[in-house]
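Peer 1: Can you keep this structure in mind? I'll have questions shortly.
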Amino acid sequence: MKKRKSLIHILVFILCVILSVPSIFTKETQSKAVDERKVLYLTFDDGPSEYTERLLDLLDKHHMKATFFMLKESMENYPGSVKRMRDEGHGIGLHGVSHEKNIFYNGTRGPLKEMEYANSALEKIVGCRTMLIRTPYGSYPYLSTAQLKTLTSHEYIIWDWNIDSRDWSYRNPQKTYCATIKLMNTCQKQPKVILFHDISHVLETMELFIDWMEEKGYTSEAITPQLNPVRLGQNKRKGR
């Protein structure tokens with residue numbers, strides 16, 4: 001009788017162990033999936049444009065989020081696209097007004113004035129402002145230390161990039177795609193922030209690139225104020 005009870009206890013114990021294994025594997029699998037999730041940040045400058053709606057359609061189709069650094073006049077010309085970006089959870093940033101070096105970077109308060117004008121336009125369209133900005137041609141070497149301090153003192157958060165697709169130079173979807181992939185494969189920096197522009201051929205580039213992203217297990221998320229910004233020349237700015 002005692003032997004029978006002991007055997008039953010052993011069988012019960014084995015059964016419990018067997019039943020617990022799937023849950024253990026599930027937790028380990030979920031943890032591993034989270035750890036191995038590869039996030040990058042797609043960013044688009046100079047929009048919105050006549051191509052933005054199709055770009056948003058493509059991002060929505062693949063469940064990707066991007067961040068748009070927009071110009072004042074472009075926002076005023078395509079307010080519907082700006083509203084859609086906000087409604088669909090994309091990052092909303094500013095790119096200023098003039099996009100001219102000699103105008104934008106003129107004087108200590110020059111960049112601030114442009115971002116404030118752009119923010120006023122954004123607020124009229126969507127009812128809120130943003131602190132995310134990208135200065136024309138990147139913050140280094142054009143943005144002086146005084147201009148930087150003026151922007152940050154007004155709580156603006158400056159974002160650059162560490163992968164430049166050079167779409168503005170290639171003006172060709174396939175060349176832009178190949179150049180971007182090459183940089184993705186060699187760039188060791190994290191997080192990976194990719195510079196694109198809201199221009200015509202980038203639509204085709206993005207179709208190719210998003211397919212590559214999914215094949216390699218990448219996803220894209222929107223930039224938020226809580227993230228640590230990527231900046232050009234962060235170790236070279238001293239003394240400017």
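Letters for chains follow the order of the structure tokens (A, B, ...), residue numbers begin at 1 for each chain, and ligand numbers begin at 1 in the order shown.
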Using only C-alpha atoms, which protein or nucleic acid residues come within 12 Å of Glu76 (chain A)? Drop anything in the same chain fewer than 5 positions from it, and give the result as a list of chain:residue names.
Peer 2: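 Close residues of Glu76 (chain A): A:Gly47, A:Pro48, A:Ser49, A:Met70, A:Leu71, A:Ser81, A:Val82, A:Lys83, A:Val97, A:Tyr117, A:Ala118, A:Asn119, A:Ser120, A:Ala121, A:Leu122, A:Glu123, A:Lys124, A:Ile125, A:Val126.
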Peer 1: List as a count of residues only the protein and nucleic acid residues near region 199-214 of chain A, meaning an atom at most 6 Å away when only C-alpha atoms are counted, but skip any in the same chain fewer than 4 places from it.
Peer 2: 3
Peer 1: Using DSSP on the backbone, list every residue of region 94-209 of chain A that comes out as strand (DSSP E or B), and give them as a PDB file with C-alpha atoms, in the first residue's frame.
Peer 2:
```pdb
ATOM      1  CA  LEU A  94       9.974  70.639 -36.870  1.00  0.00           C
ATOM      2  CA  HIS A  95      12.520  71.539 -39.537  1.00  0.00           C
ATOM      3  CA  GLY A  96      12.125  75.303 -39.452  1.00  0.00           C
ATOM      4  CA  LEU A 132      11.326  67.631 -31.370  1.00  0.00           C
ATOM      5  CA  ILE A 133      13.397  69.482 -33.969  1.00  0.00           C
ATOM      6  CA  ILE A 157      15.233  68.588 -28.335  1.00  0.00           C
ATOM      7  CA  ILE A 158      17.575  68.410 -31.312  1.00  0.00           C
ATOM      8  CA  ILE A 163      22.665  56.871 -41.247  1.00  0.00           C
ATOM      9  CA  ASP A 164      22.250  59.210 -44.227  1.00  0.00           C
ATOM     10  CA  LYS A 192      20.000  53.626 -35.681  1.00  0.00           C
ATOM     11  CA  VAL A 193      18.362  56.822 -36.973  1.00  0.00           C
ATOM     12  CA  ILE A 194      17.976  56.976 -40.753  1.00  0.00           C
ATOM     13  CA  LEU A 195      17.638  60.206 -42.711  1.00  0.00           C
ATOM     14  CA  PHE A 196      15.253  60.219 -45.656  1.00  0.00           C
ATOM     15  CA  HIS A 197      13.412  63.076 -47.353  1.00  0.00           C
TER      16      HIS A 197
END
```
Peer 1: Using only C-alpha atoms, which residue out of A:Ser153, A:Asn162, A:Ser220, A:Ser98 lies closest to Thr135 (chain A)?
Peer 2: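 Nearest to Thr135 (chain A): A:Ser98.
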Peer 1: Between A:Leu232, A:Ala222, A:Leu148, A:Ile103, which residue has the minimum interatomic distance to Lys65 (chain A), considering only C-alpha atoms?
Peer 2: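 Smallest distance to Lys65 (chain A) is found for A:Ala222.
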Peer 1: Separation of CA of Gly80 (chain A) and CA of Tyr170 (chain A), in Å?
Peer 2: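 Atom-to-atom, CA of Gly80 (chain A) to CA of Tyr170 (chain A), that is 29.2 Å.
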Peer 1: Out of A:Asn77, A:Asp87, A:Asp46, A:Ala66, which residue has the shortest atom-to-atom distance to Trp168 (chain A) when counting only C-alpha atoms?
Peer 2: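 Closest candidate: A:Asp46.
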Peer 1: Using only C-alpha atoms, which protein or nucleic acid residues come within 8 Å of Thr108 (chain A)? Drop anything in the same chain fewer than 5 positions from it, and give the result as a list in words.
Peer 2: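 Counting only the stated atoms, we get Ser144, Ala146, Gln147 and Thr150 of chain A.
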Peer 1: Just to be explicit: take each residue in the selection above, keep N, CA, C and O atoms, and write the result as a PDB file, in the first residue's frame.
Peer 2:
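After the write, part_14.pdb holds the following:
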```pdb
ATOM      1  N   SER A 144      25.822  76.919 -33.718  1.00  0.00           N
ATOM      2  CA  SER A 144      26.823  77.362 -32.747  1.00  0.00           C
ATOM      3  C   SER A 144      26.409  76.942 -31.344  1.00  0.00           C
ATOM      4  O   SER A 144      25.247  76.604 -31.084  1.00  0.00           O
ATOM      5  N   ALA A 146      26.105  78.875 -28.808  1.00  0.00           N
ATOM      6  CA  ALA A 146      25.132  79.859 -28.315  1.00  0.00           C
ATOM      7  C   ALA A 146      23.732  79.565 -28.842  1.00  0.00           C
ATOM      8  O   ALA A 146      22.735  79.650 -28.107  1.00  0.00           O
ATOM      9  N   GLN A 147      23.638  79.197 -30.119  1.00  0.00           N
ATOM     10  CA  GLN A 147      22.340  78.855 -30.706  1.00  0.00           C
ATOM     11  C   GLN A 147      21.783  77.585 -30.075  1.00  0.00           C
ATOM     12  O   GLN A 147      20.575  77.489 -29.813  1.00  0.00           O
ATOM     13  N   THR A 150      20.415  78.399 -26.693  1.00  0.00           N
ATOM     14  CA  THR A 150      19.156  79.126 -26.802  1.00  0.00           C
ATOM     15  C   THR A 150      17.999  78.174 -27.091  1.00  0.00           C
ATOM     16  O   THR A 150      16.922  78.290 -26.494  1.00  0.00           O
TER      17      THR A 150
END
```
Peer 1: Grab the CA of Lys113 (chain A) to CA of His154 (chain A) distance for me, in Å with one decimal place.
Peer 2: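 CA of His154 (chain A) lies 11.0 Å from CA of Lys113 (chain A).
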Peer 1: Quick one: distance from CA of Ser139 (chain A) to CA of Gly107 (chain A) in Å, one decimal?
Peer 2: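 Result for CA of Ser139 (chain A) versus CA of Gly107 (chain A): 14.8 Å, one decimal.
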Peer 1: In region 7-228 of chain A, what's alpha helix (DSSP H) per DSSP? Answer as a ChimeraX atom specification?
Peer 2: /A:7-36,52-61,72-77,79-87,101-104,110-126,145-153,167-170,173-186,202-216
Peer 1: Contacts of Tyr156 (chain A) at 6 Å or less, counting only C-alpha atoms, minus same-chain residues fewer than 3 places along, as an NGL selection string?
Peer 2: :A and (131 or 151-152)
Peer 1: Which one of A:Asn172, A:Leu59, A:Arg129, A:Tyr137 sits closest to Asp45 (chain A) if you count only C-alpha atoms?
Peer 2: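 Of A:Asn172, A:Leu59, A:Arg129, A:Tyr137, the one nearest Asp45 (chain A) is A:Tyr137, counting only C-alpha atoms.
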